[in-house]
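Peer 1: For reference, the file structure_26.cif (mmCIF, C-alpha atoms and all ligand atoms) is included below:
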data_model
loop_
_atom_site.label_atom_id
_atom_site.label_comp_id
_atom_site.auth_asym_id
_atom_site.auth_seq_id
_atom_site.Cartn_x
_atom_site.Cartn_y
_atom_site.Cartn_z
CA MET F 1 5.24 90.35 27.57
CA SER F 2 4.68 89.47 31.21
CA TYR F 3 1.85 90.64 33.39
CA GLN F 4 2.75 94.00 34.93
CA HIS F 5 1.45 95.52 38.13
CA LYS F 6 2.14 99.13 38.94
CA ASP F 7 3.35 98.48 42.49
CA LEU F 8 4.79 95.00 42.28
CA ASN F 9 7.41 93.09 40.39
CA LEU F 10 5.57 89.78 40.08
CA THR F 11 7.58 87.83 37.59
CA ASP F 12 10.41 85.55 38.54
CA PRO F 13 12.64 86.02 35.46
CA THR F 14 13.79 82.41 35.62
CA ARG F 15 10.28 80.95 35.62
CA GLY F 16 8.01 83.64 34.26
CA SER F 17 4.79 81.99 35.35
CA LEU F 18 4.64 82.60 39.08
CA HIS F 19 2.54 85.75 39.06
CA PHE F 20 0.90 85.15 42.39
CA VAL F 21 0.06 87.47 45.27
CA MET F 22 -1.77 86.25 48.39
CA TYR F 23 -4.07 88.61 50.27
CA THR F 24 -4.53 87.86 53.98
CA GLU F 25 -6.37 89.52 56.80
CA LEU F 26 -5.66 87.42 59.84
CA ARG F 27 -8.19 89.07 62.15
CA MET F 28 -10.96 88.19 59.70
CA GLY F 29 -9.56 84.76 58.85
CA LEU F 30 -9.21 85.77 55.20
CA ALA F 31 -6.61 84.37 52.83
CA PHE F 32 -7.02 84.35 49.08
CA GLY F 33 -5.36 85.26 45.81
CA ALA F 34 -5.28 89.03 45.48
CA LEU F 35 -4.92 89.26 41.70
CA ASN F 36 -5.75 85.93 40.06
CA ALA F 37 -9.40 85.13 39.34
CA HIS F 38 -10.94 82.00 40.87
CA VAL F 39 -12.06 79.29 38.45
CA THR F 40 -14.36 76.41 39.45
CA PHE F 41 -15.16 73.43 37.26
CA HIS F 42 -18.43 71.82 38.32
CA PRO F 43 -18.90 68.16 37.39
CA GLN F 44 -21.71 69.11 34.98
CA GLN F 45 -19.36 71.51 33.15
CA GLN F 46 -16.58 69.00 32.59
CA THR F 47 -15.88 68.43 28.90
CA PRO F 48 -13.04 66.86 26.88
CA LEU F 49 -11.12 70.14 27.31
CA THR F 50 -11.57 70.07 31.09
CA ARG F 51 -10.46 66.45 31.14
CA GLU F 52 -7.36 67.33 29.10
CA TRP F 53 -6.47 69.86 31.81
CA VAL F 54 -7.38 67.54 34.71
CA ASP F 55 -5.25 64.77 33.20
CA ARG F 56 -2.09 66.85 33.55
CA LEU F 57 -2.66 67.72 37.22
CA GLU F 58 -0.13 66.24 39.63
CA ARG F 59 -1.19 65.27 43.10
CA CYS F 60 0.85 67.02 45.83
CA GLU F 61 0.94 67.82 49.53
CA PRO F 62 -1.44 70.65 50.54
CA ASN F 63 0.14 74.08 51.03
CA ALA F 64 -1.05 77.59 51.86
CA LEU F 65 -2.34 78.17 48.33
CA HIS F 66 -4.56 75.08 48.52
CA CYS F 67 -5.91 76.32 51.86
CA SER F 68 -6.91 79.56 50.10
CA LEU F 69 -8.92 77.60 47.49
CA VAL F 70 -11.29 75.58 49.70
CA SER F 71 -14.77 77.09 49.74
CA ALA F 72 -14.88 77.33 53.57
CA GLN F 73 -12.15 77.37 56.21
CA GLN F 74 -13.71 74.34 57.91
CA GLU F 75 -12.74 72.33 54.82
CA ILE F 76 -9.01 72.90 55.30
CA PRO F 77 -8.48 69.76 57.47
CA ALA F 78 -10.06 67.64 54.71
CA LEU F 79 -7.08 68.56 52.48
CA PHE F 80 -5.01 66.37 54.80
CA HIS F 81 -7.44 63.44 54.97
CA PRO F 82 -7.22 60.39 52.71
CA CYS F 83 -10.08 59.59 50.34
CA VAL F 84 -12.48 56.80 51.26
CA GLU F 85 -10.96 54.93 48.31
CA GLU F 86 -7.65 54.95 50.21
CA ASP F 87 -8.92 54.57 53.79
CA LYS F 88 -12.49 53.67 54.76
CA GLU F 89 -11.79 55.10 58.25
CA SER F 90 -10.78 58.52 56.89
CA PRO F 91 -12.28 61.46 58.84
CA SER F 92 -13.69 62.65 55.48
CA ALA F 93 -15.44 59.32 54.82
CA PHE F 94 -18.89 58.43 56.05
CA ALA F 95 -20.65 55.06 56.39
CA GLY F 96 -17.62 53.31 54.96
CA SER F 97 -18.20 54.33 51.34
CA GLY F 98 -19.37 58.00 51.24
CA CYS F 99 -16.72 60.70 50.96
CA GLU F 100 -16.26 64.47 51.16
CA CYS F 101 -12.47 64.62 50.99
CA ARG F 102 -10.40 67.40 49.43
CA ARG F 103 -7.34 66.64 47.32
CA SER F 104 -4.38 68.90 46.46
CA PHE F 105 -2.89 69.11 42.99
CA TYR F 106 -0.79 71.47 40.96
CA ASP F 107 -0.92 72.17 37.25
CA LEU F 108 2.24 70.67 35.82
CA GLU F 109 2.55 73.41 33.17
CA PHE F 110 1.69 76.64 35.03
CA GLY F 111 2.44 75.56 38.61
CA MET F 112 -0.98 76.75 39.76
CA PRO F 113 -2.57 75.14 42.84
CA VAL F 114 -5.73 73.08 42.28
CA VAL F 115 -8.11 71.64 44.87
CA GLY F 116 -10.34 68.67 44.02
CA GLU F 117 -13.57 68.38 46.01
CA HIS F 118 -14.88 64.83 46.18
CA TYR F 119 -18.54 64.09 46.69
CA ARG F 120 -19.47 60.42 46.84
CA THR F 121 -22.74 59.16 48.25
CA VAL F 122 -22.80 55.99 50.35
CA SER F 123 -24.45 54.04 47.55
CA GLY F 124 -21.96 55.44 45.02
CA ASN F 125 -24.76 56.53 42.67
CA ILE F 126 -23.17 59.99 42.79
CA ASP F 127 -19.38 60.02 42.70
CA GLN F 128 -17.97 63.27 41.37
CA TRP F 129 -15.18 65.80 41.66
CA PHE F 130 -15.28 69.60 41.54
CA TYR F 131 -12.02 71.41 40.77
CA ARG F 132 -11.07 74.88 42.02
CA THR F 133 -8.02 76.82 40.90
CA TYR F 134 -6.76 80.27 39.99
CA ALA F 135 -6.51 81.56 36.43
CA PRO F 136 -2.97 82.59 35.43
CA LEU F 137 -2.36 86.30 34.92
CA ASP F 138 -0.50 85.72 31.68
CA LEU F 139 0.80 83.00 29.43
CA ARG F 140 4.42 82.06 30.03
CA PRO F 141 7.09 84.11 28.21
CA ASP F 142 7.70 81.49 25.50
CA ASP F 143 4.03 80.61 24.92
CA VAL F 144 2.58 81.86 21.64
CA PHE F 145 -1.18 82.57 21.49
CA ASP F 146 -2.88 80.50 18.80
CA ARG F 147 -6.61 80.44 19.56
CA PHE F 148 -9.24 81.40 22.09
CA ILE F 149 -11.90 78.83 23.00
CA VAL F 150 -15.29 79.13 24.74
CA ASP F 151 -16.23 75.78 26.25
CA ASN F 152 -19.36 75.25 28.32
CA GLY F 153 -18.98 78.44 30.34
CA HIS F 154 -15.18 78.30 30.54
CA PHE F 155 -12.56 80.25 28.61
CA TRP F 156 -9.31 78.78 27.35
CA VAL F 157 -6.29 79.56 25.21
CA ARG F 158 -4.53 77.01 23.01
CA THR F 159 -0.90 77.92 22.30
CA GLU F 160 0.94 77.30 19.04
CA LYS F 161 2.53 74.23 20.64
CA GLY F 162 -0.94 72.87 21.44
CA LEU F 163 -0.81 73.56 25.17
CA LEU F 164 -4.15 74.33 26.80
CA SER F 165 -4.27 77.18 29.35
CA ILE F 166 -7.10 78.66 31.32
CA LEU F 167 -7.56 82.15 29.81
CA PRO F 168 -5.49 84.64 31.82
CA GLN F 169 -7.90 86.51 34.05
CA GLN F 170 -7.63 89.03 36.85
CA THR F 171 -9.96 88.90 39.82
CA ALA F 172 -12.97 91.28 39.58
CA LEU F 173 -12.80 91.11 35.79
CA GLY F 174 -15.03 88.07 35.26
CA TYR F 175 -15.62 86.96 31.68
CA GLY F 176 -18.88 86.12 29.97
CA VAL F 177 -20.45 85.77 26.52
CA GLY F 178 -23.87 86.13 24.96
CA TYR F 179 -25.30 89.17 26.78
CA GLU F 180 -24.64 92.88 27.27
CA GLY F 181 -22.76 93.37 30.52
CA GLY F 182 -19.46 93.50 32.36
CA GLY F 183 -18.42 89.90 31.58
CA PRO F 184 -18.50 90.20 27.77
CA HIS F 185 -16.92 93.66 28.06
CA ALA F 186 -13.98 92.39 30.15
CA LEU F 187 -13.52 89.47 27.75
CA ALA F 188 -13.67 91.75 24.69
CA ALA F 189 -11.10 94.10 26.26
CA TYR F 190 -8.74 91.18 26.87
CA LEU F 191 -9.16 89.72 23.35
CA SER F 192 -8.85 93.20 21.78
CA GLU F 193 -5.49 93.70 23.46
CA VAL F 194 -4.34 90.27 22.22
CA ALA F 195 -5.46 91.12 18.66
CA ALA F 196 -4.00 94.66 18.73
CA THR F 197 -0.57 93.36 19.73
CA GLY F 198 -0.56 90.41 17.29
CA GLY F 199 -0.75 88.01 20.21
CA LYS F 200 2.26 89.49 22.00
CA ASN F 201 0.34 90.86 24.99
CA THR F 202 -1.61 88.04 26.63
CA ALA F 203 -1.65 89.55 30.13
CA ALA F 204 -4.93 89.77 32.05
CA GLY F 205 -6.38 93.06 33.24
CA ALA F 206 -7.03 95.02 30.03
CA PRO F 207 -9.28 97.97 30.95
CA TYR F 208 -12.83 98.03 29.54
CA GLU F 209 -12.04 100.95 27.24
CA LYS F 210 -9.65 98.70 25.30
CA ALA F 211 -12.61 96.68 23.99
CA ASP F 212 -12.81 96.93 20.21
CA PRO F 213 -16.42 97.43 19.01
CA GLY F 214 -16.20 94.49 16.57
CA ILE F 215 -14.85 92.09 19.20
CA LEU F 216 -17.35 93.38 21.75
CA ALA F 217 -20.19 92.71 19.30
CA TRP F 218 -18.95 89.09 19.08
CA THR F 219 -18.66 88.54 22.85
CA GLU F 220 -22.10 90.11 23.46
CA SER F 221 -23.85 88.22 20.68
CA PRO F 222 -26.20 85.42 21.78
CA HIS F 223 -25.89 83.97 18.26
CA ARG F 224 -22.22 82.97 17.97
CA THR F 225 -21.59 80.54 15.14
CA THR F 226 -18.26 79.36 16.53
CA ASN F 227 -16.71 78.82 19.93
CA GLU F 228 -13.13 79.18 18.71
CA LEU F 229 -11.32 82.26 17.41
CA THR F 230 -7.79 82.17 16.05
CA LEU F 231 -5.55 85.21 16.25
CA GLN F 232 -6.42 85.87 12.58
CA ASP F 233 -10.14 85.65 13.38
CA LEU F 234 -9.72 88.14 16.21
CA LYS F 235 -7.85 90.56 13.96
CA ALA F 236 -10.58 90.21 11.31
CA LEU F 237 -13.31 91.02 13.86
CA ARG F 238 -11.73 94.34 14.79
CA ARG F 239 -13.47 97.54 13.72
CA GLY F 240 -11.36 99.99 15.73
ZN ZN W 301 -12.73 61.12 48.55
#
I'd like the structure from this file rewritten - as C-alpha cells, please.

Peer 2:
Amino acid sequence: MSYQHKDLNLTDPTRGSLHFVMYTELRMGLAFGALNAHVTFHPQQQTPLTREWVDRLERCEPNALHCSLVSAQQEIPALFHPCVEEDKESPSAFAGSGCECRRSFYDLEFGMPVVGEHYRTVSGNIDQWFYRTYAPLDLRPDDVFDRFIVDNGHFWVRTEKGLLSILPQQTALGYGVGYEGGGPHALAAYLSEVAATGGKNTAAGAPYEKADPGILAWTESPHRTTNELTLQDLKALRRG
C-alpha cells in the first residue's frame, strides 16, 4: 500500500517512491518538506548501518530540495562551492585546509535528497561529515518489510531483499524508545499498523490510538534486550 493523504494524490504510479510535498512561505523565507520528517546523522551517531546508507548516496547538482535541507538559509551558497579537498581557494575553505562546504547527494534507492555538511579544522584533527535528509513516507510498492532496527538513536527497516531504508516517518510524529512519551507512542503506532497488516501497510502517519499495548510496552521499555524486531516478533508482541 502507498502512503495516502486525504487531500493529495502523492504517488507517481510509475515510480511509487516520490511522496514529496514542499511547503513554502516566500514572505518568511521558509521552504521545507511539508510531510516528510527530517533526519540528521551526526558524526558521533554514524555506525555500520549509517555507513551502508552513506555508501549508496550519489553525488549530484544541488536543487530546491537540497536548499530546503541546509540548517540555515545562509548555507545555501555553500551547496555550490567545491570542498577544500577539490579547491583550496573555495569560498567554503579557510586557511587553505579548513572547510565548511555543503555537498548534495541523492539516495540511489529512494531518490531522496541528502545534504552532507563538512567540518574540517585547519589542522585536520577534526574532519567530519553530518548528513541531513528526509525520511520516506512509505516503502516502495514492491518492497517487503522484513525487520525493524533501532541503531544508535536512528530507526531503520530492512526489506526482504536486504535493502536498508530509513523508517518511514511523517513530520511531527518523531520516534523514540526507552521512555514514556510521544516518541515511543508514535513509533508503537507505526509498528502496530505494520504488524496488524502483516507488513502490507508500511506507510508513515499511523495515529497514536493505533498503538498496540504490547508493542507500546516494548518501545517505552528502557530495558530492551534486542534492537531488532522481525515481522514475526512484532506480531508476537501484540496484545490487542
Ligand atoms: Zn569540504

Peer 1: Let me have all residues with an atom within 8 Å of ligand ZN 301 (chain W), counting all atoms listed in the file, laid out as a list of chain:residue names.

Peer 2: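 Within the 8 Å cut-off, the matching residues are F:Pro82, F:Cys83, F:Val84, F:Glu85, F:Ser92, F:Ala93, F:Gly98, F:Cys99, F:Glu100, F:Cys101, F:Arg102, F:Arg103, F:Glu117, F:His118, F:Tyr119, F:Arg120.
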
Peer 1: Which residue is closest to F:Ala206? Choose from F:Ala172, F:Leu231, F:Leu65, F:Ala31 and count only C-alpha atoms.

Peer 2: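 Among the listed residues, the smallest separation from F:Ala206 belongs to F:Ala172.
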
Peer 1: Could you state the separation of atom CA of F:Asp55 and atom CA of F:Val115 in Å, given to one decimal place?

Peer 2: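 Distance reported for this atom pair: 13.8 Å.
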
Peer 1: Up to 9 Å from (-21.5, 65.4, 42.5) in the file's coordinates: name the residues, counting all atoms listed in the file, as a short mmCIF file (atom, residue, chain, number, x, y, z; two decimals) with C-alpha atoms, in the frame of the given file.

Peer 2:
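Result file follows (out-v4.cif):
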data_model
loop_
_atom_site.label_atom_id
_atom_site.label_comp_id
_atom_site.auth_asym_id
_atom_site.auth_seq_id
_atom_site.Cartn_x
_atom_site.Cartn_y
_atom_site.Cartn_z
CA HIS F 42 -18.43 71.82 38.32
CA PRO F 43 -18.90 68.16 37.39
CA GLN F 44 -21.71 69.11 34.98
CA HIS F 118 -14.88 64.83 46.18
CA TYR F 119 -18.54 64.09 46.69
CA ARG F 120 -19.47 60.42 46.84
CA THR F 121 -22.74 59.16 48.25
CA ILE F 126 -23.17 59.99 42.79
CA ASP F 127 -19.38 60.02 42.70
CA GLN F 128 -17.97 63.27 41.37
CA TRP F 129 -15.18 65.80 41.66
CA PHE F 130 -15.28 69.60 41.54
#

Peer 1: Which residues come within 9 Å of F:Ala189, counting all atoms listed in the file, excluding same-chain residues fewer than 4 positions away, as a PyMOL selection string?

Peer 2: chain F and resi 184-185+193-194+205-212+215-216

Peer 1: What is the atom CA of F:Asn227-atom CA of F:Asp151 distance in Å, reported with one decimal?

Peer 2: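 Those two atoms sit 7.0 Å apart.
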
Peer 1: Determine, for each residue of stretch 121-146 of chain F having at least one atom at most 9 Å from an atom of stretch 109-113 of chain F, the closest pair of atoms and their separation in Å to one decimal, counting only C-alpha atoms; order by chain and ascending number, as a Markdown table.

Peer 2:
| residue | atom | partner | partner_atom | distance |
| --- | --- | --- | --- | --- |
| F:Arg132 | CA | F:Pro113 | CA | 8.5 |
| F:Thr133 | CA | F:Pro113 | CA | 6.0 |
| F:Tyr134 | CA | F:Met112 | CA | 6.8 |
| F:Ala135 | CA | F:Met112 | CA | 8.1 |
| F:Pro136 | CA | F:Met112 | CA | 7.5 |
| F:Leu139 | CA | F:Phe110 | CA | 8.5 |
| F:Arg140 | CA | F:Phe110 | CA | 7.9 |

Peer 1: Enter the distance from atom CA of F:Thr159 to atom CA of F:Arg147, in Å, rounded to one decimal.

Peer 2: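 Spanning atom CA of F:Thr159 to atom CA of F:Arg147 is a straight-line distance of 6.8 Å.
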
Peer 1: Using only C-alpha atoms for the distances, tell me which of F:Gly124, F:Arg239, F:Leu57, F:Ser104 is nearest to F:Phe80.

Peer 2: F:Ser104

Peer 1: Closest to F:Leu164 among F:Ile149, F:Lys200, F:Ser90, F:Ser123, using all atoms listed in the file?

Peer 2: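 Checking each candidate against F:Leu164, we get F:Ile149 as the closest.
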
Peer 1: When you count all atoms listed in the file, which of these residues is closest to F:Thr171: F:Thr230, F:Leu137, F:Pro48, F:Phe145?

Peer 2: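 Of F:Thr230, F:Leu137, F:Pro48, F:Phe145, the one nearest F:Thr171 is F:Leu137, counting all atoms listed in the file.
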
Peer 1: Considering only C-alpha atoms, state which residue in the set F:Thr219, F:Phe20, F:Arg158, F:Asp138 is at the smallest distance from F:Gly176.

Peer 2: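 Between F:Thr219, F:Phe20, F:Arg158, F:Asp138, the residue approaching F:Gly176 most closely is F:Thr219.
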
Peer 1: Find the residues around F:Leu234 up to 8 Å (all atoms listed in the file counted), leave out those fewer than 4 positions away in its own chain, and share them as a ChimeraX atom specification.

Peer 2: /F:191-192,195,215,229-230,238

Peer 1: Please give the centre and size of the box around stretch 190-197 of chain F (axis-aligned, containing every atom listed in the file, 6 Å added per side), with values in Å to one decimal and written as AutoDock Vina command-line options.

Peer 2:
--center_x -4.9 --center_y 92.2 --center_z 22.8 --size_x 20.6 --size_y 16.9 --size_z 20.2

Peer 1: Can you list, as a list in words, every protein, DNA or RNA residue that comes within 7 Å of F:Leu35 when you count all atoms listed in the file, leaving out same-chain residues fewer than 2 positions away?

Peer 2: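 Residues near the query, excluding close chain neighbours: Val21, Gly33, Ala37, Gln170 and Thr171 of chain F.
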